[in-house]
file protein_16.csv (CSV, C-alpha atoms)
chain,number,residue,atom,x,y,z
A,1,MET,CA,102.2,-40.6,-22.7
A,2,THR,CA,102.8,-38.4,-25.8
A,3,ASP,CA,99.7,-37.8,-27.9
A,4,LYS,CA,100.8,-38.6,-31.4
A,5,HIS,CA,97.7,-37.0,-32.8
A,6,SER,CA,98.0,-33.6,-31.1
A,7,ILE,CA,98.2,-30.4,-33.2
A,8,GLY,CA,101.7,-29.7,-32.0
A,9,ASN,CA,102.9,-33.1,-33.2
A,10,TRP,CA,101.1,-32.7,-36.5
A,11,LEU,CA,102.8,-29.3,-37.1
A,12,SER,CA,106.1,-30.9,-36.1
A,13,ARG,CA,105.7,-33.6,-38.7
A,14,LEU,CA,105.1,-30.8,-41.2
A,15,GLY,CA,108.1,-28.8,-39.9
A,16,PRO,CA,110.8,-29.8,-42.4
A,17,GLY,CA,108.5,-29.1,-45.4
A,18,ILE,CA,107.3,-25.8,-44.0
A,19,ILE,CA,110.9,-24.7,-43.3
A,20,THR,CA,111.9,-25.5,-46.9
A,21,ALA,CA,108.9,-23.6,-48.2
A,22,ALA,CA,109.7,-20.6,-46.0
A,23,LEU,CA,113.3,-20.3,-47.1
A,24,VAL,CA,112.5,-20.7,-50.8
A,25,PHE,CA,109.8,-18.1,-50.7
A,26,GLY,CA,112.0,-15.0,-50.1
A,27,PRO,CA,111.9,-11.4,-51.3
A,28,SER,CA,113.6,-12.2,-54.7
A,29,LYS,CA,111.0,-14.9,-55.3
A,30,MET,CA,108.2,-12.4,-54.5
A,31,THR,CA,109.7,-9.9,-56.9
A,32,ILE,CA,109.8,-12.4,-59.8
A,33,THR,CA,106.3,-13.6,-59.0
A,34,SER,CA,104.9,-10.1,-58.8
A,35,ARG,CA,106.6,-9.2,-62.1
A,36,LEU,CA,104.9,-12.3,-63.8
A,37,GLY,CA,101.5,-11.0,-62.7
A,38,ALA,CA,102.2,-7.3,-63.4
A,39,GLU,CA,103.5,-7.9,-66.9
A,40,TYR,CA,101.5,-10.8,-68.2
A,41,GLY,CA,98.4,-10.9,-66.0
A,42,TYR,CA,97.0,-14.3,-65.2
A,43,ALA,CA,98.6,-15.9,-68.3
A,44,LEU,CA,101.5,-17.5,-66.6
A,45,THR,CA,99.7,-19.1,-63.6
A,46,TRP,CA,100.4,-22.5,-65.1
A,47,ILE,CA,104.1,-22.3,-64.5
A,48,ILE,CA,103.5,-22.5,-60.8
A,49,VAL,CA,101.9,-25.9,-61.3
A,50,VAL,CA,104.9,-27.1,-63.3
A,51,ALA,CA,107.5,-25.8,-60.9
A,52,ILE,CA,105.7,-27.1,-57.8
A,53,PHE,CA,105.2,-30.6,-59.4
A,54,PHE,CA,108.9,-31.1,-59.8
A,55,MET,CA,109.8,-29.4,-56.5
A,56,ILE,CA,107.5,-31.9,-54.7
A,57,SER,CA,109.3,-34.8,-56.4
A,58,TYR,CA,112.8,-33.6,-55.4
A,59,ALA,CA,111.8,-32.5,-51.9
A,60,ASN,CA,110.3,-35.9,-51.2
A,61,MET,CA,113.5,-37.5,-52.5
A,62,GLY,CA,115.4,-35.3,-50.1
A,63,ALA,CA,113.2,-36.2,-47.2
A,64,ARG,CA,113.5,-40.0,-47.9
A,65,VAL,CA,117.3,-39.6,-48.1
A,66,GLY,CA,117.3,-37.8,-44.8
A,67,ALA,CA,115.1,-40.4,-43.1
A,68,ASN,CA,116.7,-43.6,-44.5
A,69,ALA,CA,120.3,-43.0,-45.7
A,70,PRO,CA,123.0,-44.1,-43.3
A,71,GLY,CA,124.4,-40.6,-43.0
A,72,THR,CA,123.8,-37.0,-44.2
A,73,PHE,CA,123.5,-36.2,-47.9
A,74,LEU,CA,127.2,-35.1,-48.1
A,75,SER,CA,128.6,-37.9,-46.0
A,76,VAL,CA,126.9,-40.4,-48.3
A,77,LEU,CA,128.0,-38.6,-51.4
A,78,ARG,CA,131.6,-38.5,-50.0
A,79,LYS,CA,131.6,-42.3,-49.8
A,80,LYS,CA,129.9,-42.6,-53.2
A,81,TRP,CA,131.8,-40.0,-55.3
A,82,GLY,CA,134.7,-38.9,-53.1
A,83,ASN,CA,135.7,-36.0,-50.8
A,84,ALA,CA,136.2,-33.5,-53.6
A,85,ALA,CA,132.5,-33.8,-54.7
A,86,ALA,CA,131.3,-33.2,-51.2
A,87,ILE,CA,133.5,-30.2,-50.6
A,88,ALA,CA,132.6,-28.7,-54.0
A,89,ILE,CA,128.9,-28.8,-53.2
A,90,GLY,CA,129.3,-27.6,-49.6
A,91,PHE,CA,131.6,-24.7,-50.5
A,92,GLY,CA,129.5,-23.8,-53.6
A,93,ILE,CA,126.3,-23.6,-51.6
A,94,PHE,CA,128.0,-21.5,-49.0
A,95,LEU,CA,129.1,-19.0,-51.6
A,96,VAL,CA,125.6,-18.9,-53.2
A,97,THR,CA,123.8,-18.4,-49.9
A,98,ALA,CA,126.3,-15.7,-48.8
A,99,SER,CA,125.9,-13.9,-52.1
A,100,PHE,CA,122.1,-13.8,-51.9
A,101,GLN,CA,121.8,-13.1,-48.2
A,102,ALA,CA,122.0,-9.3,-48.6
A,103,GLY,CA,118.7,-9.5,-50.5
A,104,ASN,CA,117.0,-11.1,-47.6
A,105,ALA,CA,118.4,-8.6,-45.2
A,106,ILE,CA,117.3,-5.7,-47.4
A,107,GLY,CA,113.8,-7.3,-47.6
A,108,VAL,CA,113.5,-7.2,-43.8
A,109,GLY,CA,114.7,-3.6,-43.8
A,110,ILE,CA,112.3,-2.4,-46.5
A,111,SER,CA,109.2,-4.2,-45.2
A,112,LEU,CA,109.6,-2.6,-41.7
A,113,SER,CA,111.0,0.8,-42.7
A,114,GLU,CA,108.3,1.5,-45.4
A,115,SER,CA,105.5,0.5,-43.0
A,116,THR,CA,106.8,2.5,-40.0
A,117,HIS,CA,108.4,5.4,-42.0
A,118,THR,CA,111.8,4.8,-40.5
A,119,LYS,CA,115.3,4.0,-41.8
A,120,PRO,CA,116.0,0.4,-42.9
A,121,ASN,CA,119.5,-0.1,-41.6
A,122,GLY,CA,118.4,-0.3,-37.9
A,123,TRP,CA,115.9,-3.0,-38.7
A,124,ILE,CA,118.5,-4.9,-40.7
A,125,LEU,CA,121.0,-4.9,-37.8
A,126,LEU,CA,118.2,-5.7,-35.2
A,127,PHE,CA,116.9,-8.7,-37.0
A,128,THR,CA,120.3,-10.0,-38.0
A,129,GLY,CA,121.3,-9.8,-34.4
A,130,ALA,CA,118.1,-11.6,-33.4
A,131,SER,CA,118.7,-14.3,-35.9
A,132,ILE,CA,122.2,-14.9,-34.6
A,133,ALA,CA,120.9,-15.0,-31.0
A,134,LEU,CA,118.5,-17.8,-32.1
A,135,LEU,CA,121.6,-20.0,-32.8
A,136,PHE,CA,122.4,-20.1,-29.1
A,137,PHE,CA,119.2,-21.7,-28.0
A,138,ARG,CA,119.8,-25.3,-26.7
A,139,SER,CA,117.7,-26.8,-29.6
A,140,PHE,CA,118.1,-24.5,-32.5
A,141,TYR,CA,116.1,-26.9,-34.8
A,142,ALA,CA,113.1,-26.7,-32.5
A,143,VAL,CA,113.2,-22.9,-32.4
A,144,LEU,CA,113.7,-22.8,-36.2
A,145,GLU,CA,110.7,-25.1,-36.7
A,146,LYS,CA,108.4,-23.0,-34.5
A,147,LEU,CA,109.6,-19.7,-36.0
A,148,MET,CA,109.1,-20.9,-39.6
A,149,ILE,CA,105.7,-22.3,-38.9
A,150,ALA,CA,104.7,-18.9,-37.4
A,151,LEU,CA,106.2,-16.9,-40.3
A,152,VAL,CA,104.4,-19.1,-42.9
A,153,GLY,CA,101.2,-18.7,-41.0
A,154,LEU,CA,101.8,-14.9,-41.0
A,155,MET,CA,102.4,-14.9,-44.8
A,156,LEU,CA,99.3,-17.0,-45.5
A,157,PHE,CA,97.2,-14.6,-43.5
A,158,ALA,CA,98.7,-11.5,-45.0
A,159,PHE,CA,98.6,-12.6,-48.6
A,160,ALA,CA,95.1,-14.3,-48.4
A,161,SER,CA,93.7,-11.1,-46.9
A,162,THR,CA,95.3,-9.1,-49.7
A,163,LEU,CA,93.8,-11.5,-52.2
A,164,LEU,CA,90.3,-11.0,-50.9
A,165,MET,CA,90.6,-7.3,-51.1
A,166,THR,CA,91.8,-7.3,-54.8
A,167,LYS,CA,88.8,-9.5,-56.0
A,168,PRO,CA,90.7,-11.2,-58.9
A,169,SER,CA,89.0,-12.6,-62.0
A,170,LEU,CA,88.2,-16.3,-61.5
A,171,SER,CA,87.9,-16.8,-65.3
A,172,GLY,CA,91.3,-15.1,-65.7
A,173,ILE,CA,92.8,-17.5,-63.2
A,174,ALA,CA,91.3,-20.5,-64.9
A,175,SER,CA,92.5,-19.4,-68.4
A,176,GLY,CA,96.0,-18.9,-66.9
A,177,LEU,CA,96.2,-22.6,-66.1
A,178,VAL,CA,96.3,-23.3,-69.8
A,179,PRO,CA,99.9,-23.2,-70.9
A,180,THR,CA,100.9,-20.2,-73.1
A,181,VAL,CA,104.2,-18.4,-73.5
A,182,PRO,CA,103.5,-14.6,-74.1
A,183,GLN,CA,106.1,-12.8,-76.2
A,184,GLY,CA,109.1,-11.7,-74.1
A,185,SER,CA,108.2,-13.8,-71.1
A,186,THR,CA,110.8,-16.5,-71.5
A,187,GLY,CA,113.4,-14.9,-69.2
A,188,LEU,CA,110.9,-14.5,-66.4
A,189,ILE,CA,109.5,-18.0,-66.8
A,190,ILE,CA,113.1,-19.4,-66.5
A,191,ALA,CA,113.8,-17.2,-63.4
A,192,PHE,CA,110.6,-18.3,-61.7
A,193,ILE,CA,111.1,-22.0,-62.3
A,194,ALA,CA,114.7,-21.8,-61.3
A,195,SER,CA,113.8,-20.1,-58.0
A,196,CYS,CA,110.8,-22.2,-57.2
A,197,PHE,CA,112.2,-25.6,-58.3
A,198,SER,CA,115.0,-25.3,-55.7
A,199,ILE,CA,117.4,-28.2,-55.8
A,200,VAL,CA,119.4,-26.8,-52.9
A,201,GLY,CA,116.1,-26.6,-50.9
A,202,ALA,CA,115.4,-30.2,-51.7
A,203,VAL,CA,118.8,-31.3,-50.5
A,204,TYR,CA,118.3,-29.2,-47.3
A,205,GLN,CA,115.1,-31.1,-46.8
A,206,SER,CA,117.2,-34.2,-46.1
A,207,TYR,CA,119.1,-32.4,-43.3
A,208,LEU,CA,115.8,-31.1,-41.8
A,209,GLU,CA,114.1,-34.5,-41.9
A,210,ARG,CA,117.2,-36.1,-40.3
A,211,GLU,CA,117.3,-33.5,-37.5
A,212,ARG,CA,113.6,-33.8,-36.8
A,213,ARG,CA,113.8,-37.6,-36.5
A,214,ARG,CA,116.8,-37.3,-34.2
A,215,LEU,CA,114.9,-35.0,-31.8
A,216,LYS,CA,111.4,-36.6,-32.1
A,217,PRO,CA,111.8,-40.2,-33.2
A,218,HIS,CA,108.2,-41.0,-32.0
A,219,LEU,CA,107.0,-38.9,-34.9
A,220,SER,CA,108.9,-40.9,-37.5
A,221,ASN,CA,106.1,-42.7,-39.1
A,222,GLY,CA,107.7,-42.8,-42.6
A,223,ASN,CA,105.4,-40.0,-44.0
A,224,SER,CA,107.2,-37.1,-45.4
A,225,SER,CA,106.1,-33.5,-44.7
A,226,ALA,CA,107.6,-32.3,-48.0
A,227,THR,CA,104.4,-32.5,-50.1
A,228,THR,CA,102.4,-30.3,-47.8
A,229,GLY,CA,105.2,-27.8,-47.3
A,230,ILE,CA,105.8,-27.4,-51.1
A,231,LEU,CA,102.1,-27.1,-51.7
A,232,ILE,CA,102.0,-24.2,-49.3
A,233,LEU,CA,104.9,-22.7,-51.3
A,234,GLY,CA,102.8,-23.0,-54.4
A,235,ILE,CA,99.8,-21.4,-52.8
A,236,MET,CA,101.8,-18.4,-51.7
A,237,SER,CA,103.3,-18.0,-55.1
A,238,ALA,CA,99.9,-18.2,-56.8
A,239,VAL,CA,98.4,-15.7,-54.4
A,240,VAL,CA,101.1,-13.1,-55.1
A,241,LEU,CA,100.9,-13.6,-58.9
A,242,ILE,CA,97.1,-13.3,-58.9
A,243,CYS,CA,97.2,-10.2,-56.7
A,244,ALA,CA,99.7,-8.6,-59.1
A,245,ALA,CA,97.6,-9.6,-62.1
A,246,ALA,CA,94.5,-8.0,-60.5
A,247,VAL,CA,96.1,-4.8,-59.2
A,248,LEU,CA,99.3,-4.1,-61.2
A,249,HIS,CA,98.6,-5.5,-64.7
A,250,PRO,CA,95.5,-3.3,-65.5
A,251,GLN,CA,97.4,-0.2,-64.6
A,252,GLN,CA,100.6,-1.4,-66.3
A,253,ILE,CA,102.6,-0.7,-63.1
A,254,GLN,CA,106.2,-2.1,-63.4
A,255,VAL,CA,107.7,-4.0,-60.5
A,256,THR,CA,111.3,-3.4,-59.5
A,257,ASN,CA,111.4,-4.9,-56.0
A,258,ALA,CA,109.3,-6.9,-53.6
A,259,ALA,CA,107.8,-3.7,-52.1
A,260,GLY,CA,106.3,-2.6,-55.4
A,261,MET,CA,103.0,-4.4,-54.8
A,262,ALA,CA,102.4,-2.8,-51.4
A,263,LYS,CA,103.0,0.7,-52.8
A,264,ALA,CA,100.5,0.0,-55.6
A,265,LEU,CA,97.9,-1.3,-53.1
A,266,GLU,CA,97.9,1.8,-50.9
A,267,PRO,CA,96.2,4.3,-53.3
A,268,LEU,CA,93.6,1.7,-54.2
A,269,TYR,CA,92.8,0.1,-50.9
A,270,GLY,CA,94.4,2.2,-48.3
A,271,GLU,CA,97.2,1.8,-45.8
A,272,TYR,CA,95.6,-1.3,-44.3
A,273,ALA,CA,96.1,-3.2,-47.5
A,274,SER,CA,99.7,-2.1,-48.1
A,275,GLY,CA,100.4,-2.8,-44.4
A,276,LEU,CA,99.1,-6.4,-44.8
A,277,PHE,CA,101.4,-6.9,-47.8
A,278,TYR,CA,104.4,-5.4,-46.0
A,279,LEU,CA,103.6,-7.9,-43.2
A,280,GLY,CA,103.8,-10.8,-45.7
A,281,LEU,CA,107.0,-9.4,-47.2
A,282,PHE,CA,108.5,-9.2,-43.7
A,283,GLY,CA,107.6,-12.9,-43.1
A,284,ALA,CA,109.1,-13.9,-46.5
A,285,SER,CA,112.3,-11.9,-45.9
A,286,PHE,CA,112.9,-12.9,-42.2
A,287,SER,CA,112.2,-16.6,-42.9
A,288,SER,CA,114.7,-16.5,-45.8
A,289,LEU,CA,117.2,-14.5,-43.7
A,290,VAL,CA,117.3,-17.3,-41.2
A,291,GLY,CA,116.7,-20.2,-43.5
A,292,ASN,CA,119.1,-19.3,-46.3
A,293,ALA,CA,122.0,-18.9,-43.7
A,294,THR,CA,121.3,-22.2,-42.1
A,295,VAL,CA,121.5,-23.9,-45.5
A,296,GLY,CA,124.9,-22.4,-46.4
A,297,GLY,CA,126.3,-22.9,-42.9
A,298,SER,CA,125.0,-26.5,-42.4
A,299,LEU,CA,126.2,-27.8,-45.7
A,300,MET,CA,129.6,-26.1,-45.5
A,301,GLY,CA,130.1,-27.5,-42.0
A,302,ASP,CA,129.2,-31.0,-43.2
A,303,ALA,CA,131.5,-30.7,-46.2
A,304,LEU,CA,134.4,-29.7,-43.9
A,305,GLY,CA,133.6,-32.4,-41.4
A,306,TRP,CA,132.8,-29.9,-38.7
A,307,GLY,CA,129.5,-31.4,-37.9
A,308,ASP,CA,126.2,-32.5,-39.5
A,309,GLY,CA,123.6,-30.9,-37.2
A,310,PHE,CA,122.4,-27.6,-35.8
A,311,ARG,CA,123.9,-28.4,-32.4
A,312,ASP,CA,127.5,-28.2,-33.5
A,313,THR,CA,129.3,-24.9,-32.5
A,314,LYS,CA,131.3,-24.7,-35.7
A,315,VAL,CA,128.2,-25.1,-37.9
A,316,LYS,CA,126.5,-22.3,-35.9
A,317,PHE,CA,129.6,-20.1,-36.5
A,318,LEU,CA,129.3,-20.7,-40.3
A,319,ILE,CA,125.5,-19.9,-40.2
A,320,ALA,CA,126.3,-16.6,-38.3
A,321,THR,CA,129.0,-15.8,-40.9
A,322,VAL,CA,126.4,-15.9,-43.7
A,323,MET,CA,124.1,-13.7,-41.7
A,324,ILE,CA,126.9,-11.1,-41.0
A,325,ILE,CA,128.0,-11.0,-44.6
A,326,GLY,CA,124.4,-10.3,-45.7
A,327,ALA,CA,123.8,-7.6,-43.2
A,328,THR,CA,127.2,-5.9,-43.9
A,329,VAL,CA,126.5,-5.8,-47.7
A,330,ALA,CA,122.9,-4.6,-47.1
A,331,VAL,CA,124.0,-1.7,-44.8
A,332,LEU,CA,127.0,-0.7,-46.9
A,333,PHE,CA,125.4,-0.8,-50.4
A,334,GLY,CA,121.6,-0.7,-49.7
A,335,LYS,CA,121.1,-3.2,-52.4
A,336,LEU,CA,122.6,-6.5,-53.7
A,337,PRO,CA,125.6,-5.6,-55.8
A,338,LEU,CA,125.6,-6.8,-59.4
A,339,GLU,CA,129.0,-8.5,-58.8
A,340,MET,CA,127.5,-10.7,-56.1
A,341,ILE,CA,124.5,-11.6,-58.3
A,342,ILE,CA,126.8,-12.6,-61.1
A,343,LEU,CA,129.0,-14.7,-58.8
A,344,ALA,CA,125.9,-16.5,-57.4
A,345,GLN,CA,124.5,-17.1,-60.8
A,346,SER,CA,127.8,-18.4,-62.1
A,347,ILE,CA,128.2,-20.9,-59.3
A,348,THR,CA,124.5,-21.9,-59.6
A,349,ILE,CA,124.8,-22.6,-63.3
A,350,PHE,CA,127.5,-25.1,-62.8
A,351,LEU,CA,126.5,-26.5,-59.4
A,352,VAL,CA,122.7,-27.1,-59.5
A,353,PRO,CA,122.6,-29.8,-62.2
A,354,PHE,CA,125.5,-31.6,-60.4
A,355,ILE,CA,123.6,-31.4,-57.1
A,356,GLY,CA,120.4,-32.6,-58.6
A,357,PHE,CA,122.1,-35.6,-60.3
A,358,ALA,CA,123.8,-36.4,-57.0
A,359,LEU,CA,120.5,-36.4,-55.1
A,360,LEU,CA,118.8,-38.5,-57.8
A,361,SER,CA,121.7,-40.9,-57.8
A,362,ILE,CA,121.5,-41.5,-54.0
A,363,ALA,CA,117.7,-41.9,-54.1
A,364,ASN,CA,118.0,-44.4,-56.9
A,365,ASP,CA,120.7,-46.5,-55.1
A,366,LYS,CA,119.2,-49.5,-53.4
A,367,THR,CA,122.3,-50.3,-51.4
A,368,ILE,CA,121.9,-46.9,-49.7
A,369,MET,CA,118.1,-46.5,-49.6
A,370,GLY,CA,116.9,-50.1,-49.2
A,371,SER,CA,113.1,-50.4,-49.6
A,372,LYS,CA,112.8,-46.6,-49.8
A,373,VAL,CA,114.7,-46.4,-53.1
A,374,ASN,CA,112.9,-44.5,-55.9
A,375,THR,CA,110.1,-46.3,-57.7
A,376,ARG,CA,110.2,-46.3,-61.5
A,377,TYR,CA,107.7,-43.4,-61.5
A,378,GLN,CA,109.7,-41.4,-59.0
A,379,SER,CA,112.9,-42.0,-61.0
A,380,LEU,CA,111.2,-41.0,-64.3
A,381,VAL,CA,109.9,-37.7,-62.8
A,382,GLY,CA,113.4,-37.2,-61.2
A,383,TYR,CA,115.2,-37.5,-64.5
A,384,LEU,CA,112.6,-35.2,-66.2
A,385,GLY,CA,113.2,-32.7,-63.5
A,386,TRP,CA,116.9,-33.0,-63.8
A,387,LEU,CA,116.7,-32.5,-67.6
A,388,LEU,CA,114.6,-29.3,-66.9
A,389,ILE,CA,117.1,-27.8,-64.5
A,390,THR,CA,120.0,-28.7,-66.9
A,391,VAL,CA,118.3,-27.0,-69.8
A,392,LEU,CA,117.8,-23.9,-67.6
A,393,ALA,CA,121.4,-24.0,-66.6
A,394,VAL,CA,122.6,-24.2,-70.2
A,395,PHE,CA,120.2,-21.3,-71.2
A,396,ASN,CA,121.5,-19.2,-68.3
A,397,PHE,CA,125.1,-20.0,-69.3
A,398,TYR,CA,124.4,-18.7,-72.8
A,399,GLU,CA,122.7,-15.6,-71.5
A,400,LEU,CA,125.4,-14.8,-69.0
A,401,PHE,CA,128.6,-15.7,-70.9
A,402,ILE,CA,127.9,-16.0,-74.6
A,403,LYS,CA,125.1,-13.7,-75.7
call {"tool": "encode", "arguments": {"input": "protein_16.csv", "output": "structure tokens"}}
result
Amino acid sequence: MTDKHSIGNWLSRLGPGIITAALVFGPSKMTITSRLGAEYGYALTWIIVVAIFFMISYANMGARVGANAPGTFLSVLRKKWGNAAAIAIGFGIFLVTASFQAGNAIGVGISLSESTHTKPNGWILLFTGASIALLFFRSFYAVLEKLMIALVGLMLFAFASTLLMTKPSLSGIASGLVPTVPQGSTGLIIAFIASCFSIVGAVYQSYLERERRRLKPHLSNGNSSATTGILILGIMSAVVLICAAAVLHPQQIQVTNAAGMAKALEPLYGEYASGLFYLGLFGASFSSLVGNATVGGSLMGDALGWGDGFRDTKVKFLIATVMIIGATVAVLFGKLPLEMIILAQSITIFLVPFIGFALLSIANDKTIMGSKVNTRYQSLVGYLGWLLITVLAVFNFYELFIK
């Protein structure tokens, strides 16, 4: 008889939430978070609380849709709003993930090349190949779940160890929980909230929850893993910001990439400290390298009617395509080209509010969700979150196309 209370089953229940946290916490997220601490010290710690609050709300909605809707998110949306809406979301998410994938590949290359004093391209090709090989395991979801749990554990160990070394100011952290907006910080605040409050990640939670319940129905006790996973995302974000505030801000060191923190740690605390941070950066980059590609490939496959799970060959092909695009751009350019960033931002501006409203609409529909439909409180928080991401999208549109 299966022990429903074993550590393995407990971790499996948390699996979907941890996978979402791991794919959201990538190298670009680390760069933005490091910049917050480096430029403004502890003052913007409070925005992590705001972003995580709304992300928990939407990730839980995604998990309930995955557990209770009669089909996948896009298949339900296809019946509700038509085929064009489903294809637009699937294709748009595929383009966004493909555009940002190079950044994840570069993060893997930098974290290993800097810590081993070797060239990054070999590491990029090695781990992209390893990621593609994972797709051919009989149960890709089970492998993905174990990999992401291991990588999140690695990140927590690396960043927590770094935090203990830096000895941050407790009074500074406490004061940072009081909302203030330092002059010139608006752009970074918007970038952080947009990256941490990930609507695409919340939608993907529905696919992960659905796949977990298909493989392990005995664990389907109605409790979502989303809250725990997103709280872990918040903890990792807070630790990186606090480390940057303690190490980089007093020296006024500017951050240009995710490796900046490790380089600043070495002269102060030695190679051991920088090595730990590179270890965390590797975990963040490799988890996003795999997770980001599965998001784009899975939703594109579902939009095209090629399959709705990780076991479908055509879906695996699409996932591998995202990985190959990222590795190719990373090796050829050594950085994420500005044109790809603009493309991804442009698509995101128009797509994210639409996706958020679609998820909220499904979670509020009693004919689809039955007794698991949003409560009044969940609906209210959902609309406030949707208003927030819409305002961010309008601001980004102004910055990108009008200003």
call {"tool": "closest_atom_pairs", "arguments": {"input": "protein_16.csv", "of": "range 289-354 of chain A", "to": "range 385-403 of chain A", "cutoff": "8 Å", "atoms": "only C-alpha atoms", "output": "CSV"}}
result
residue,atom,partner,partner_atom,distance
A:Ser346,CA,A:Phe397,CA,7.9
A:Thr348,CA,A:Ala393,CA,7.9
A:Ile349,CA,A:Ala393,CA,4.9
A:Phe350,CA,A:Ala393,CA,7.3
A:Val352,CA,A:Ile389,CA,7.5
A:Pro353,CA,A:Thr390,CA,5.5
call {"tool": "closest_atom_pairs", "arguments": {"input": "protein_16.csv", "of": "range 134-159 of chain A", "to": "range 275-280 of chain A", "cutoff": "10 Å", "atoms": "only C-alpha atoms", "output": "CSV"}}
result
residue,atom,partner,partner_atom,distance
A:Leu151,CA,A:Gly280,CA,8.5
A:Val152,CA,A:Gly280,CA,8.8
A:Gly153,CA,A:Gly280,CA,9.6
A:Leu154,CA,A:Gly280,CA,6.5
A:Met155,CA,A:Gly280,CA,4.4
A:Leu156,CA,A:Gly280,CA,7.7
A:Phe157,CA,A:Gly280,CA,7.9
A:Ala158,CA,A:Leu276,CA,5.1
A:Phe159,CA,A:Gly280,CA,6.2
call {"tool": "write_last_selection", "arguments": {"input": "protein_16.csv", "atoms": "C-alpha atoms", "output": "mmCIF file, in the frame of the given file"}}
result
data_model
loop_
_atom_site.group_PDB
_atom_site.id
_atom_site.type_symbol
_atom_site.label_atom_id
_atom_site.label_comp_id
_atom_site.auth_asym_id
_atom_site.auth_seq_id
_atom_site.Cartn_x
_atom_site.Cartn_y
_atom_site.Cartn_z
ATOM 1 C CA LEU A 151 106.200 -16.900 -40.300
ATOM 2 C CA VAL A 152 104.400 -19.100 -42.900
ATOM 3 C CA GLY A 153 101.200 -18.700 -41.000
ATOM 4 C CA LEU A 154 101.800 -14.900 -41.000
ATOM 5 C CA MET A 155 102.400 -14.900 -44.800
ATOM 6 C CA LEU A 156 99.300 -17.000 -45.500
ATOM 7 C CA PHE A 157 97.200 -14.600 -43.500
ATOM 8 C CA ALA A 158 98.700 -11.500 -45.000
ATOM 9 C CA PHE A 159 98.600 -12.600 -48.600
#
call {"tool": "atom_distance", "arguments": {"input": "protein_16.csv", "atom1": "CA of Phe73 in chain A", "atom2": "CA of Gly234 in chain A"}}
result
25.4 Å
call {"tool": "closest_residue", "arguments": {"input": "protein_16.csv", "among": "A:Gly122, A:Gly301, A:Gly92, A:Gly356", "to": "Ala344 in chain A", "atoms": "all atoms listed in the file"}}
result
A:Gly92
call {"tool": "closest_residue", "arguments": {"input": "protein_16.csv", "among": "A:Pro27, A:Ala202, A:Ile232, A:Pro70", "to": "Thr367 in chain A", "atoms": "all atoms listed in the file"}}
result
A:Pro70
call {"tool": "atom_distance", "arguments": {"input": "protein_16.csv", "atom1": "CA of Glu145 in chain A", "atom2": "CA of Ile19 in chain A"}}
result
6.6 Å
call {"tool": "atom_distance", "arguments": {"input": "protein_16.csv", "atom1": "CA of Thr375 in chain A", "atom2": "CA of Ile362 in chain A"}}
result
12.9 Å
call {"tool": "closest_residue", "arguments": {"input": "protein_16.csv", "among": "A:Tyr204, A:Gly326, A:Leu188, A:Gly334", "to": "Leu95 in chain A", "atoms": "only C-alpha atoms"}}
result
A:Gly326
call {"tool": "decode", "arguments": {"input": "protein_16.csv", "residues": "range 352-364 of chain A", "atoms": "C-alpha atoms", "output": "CSV table (one decimal), in the first residue's frame"}}
result
chain,number,residue,atom,x,y,z
A,352,VAL,CA,-0.5,39.0,-20.8
A,353,PRO,CA,-3.6,41.1,-19.8
A,354,PHE,CA,-5.6,38.9,-22.3
A,355,ILE,CA,-4.3,35.7,-20.8
A,356,GLY,CA,-4.9,36.9,-17.2
A,357,PHE,CA,-8.5,37.8,-18.0
A,358,ALA,CA,-9.0,34.4,-19.7
A,359,LEU,CA,-7.8,32.6,-16.6
A,360,LEU,CA,-9.9,34.7,-14.3
A,361,SER,CA,-12.9,34.2,-16.5
A,362,ILE,CA,-12.6,30.4,-16.5
A,363,ALA,CA,-12.0,30.3,-12.7
A,364,ASN,CA,-15.1,32.5,-12.2
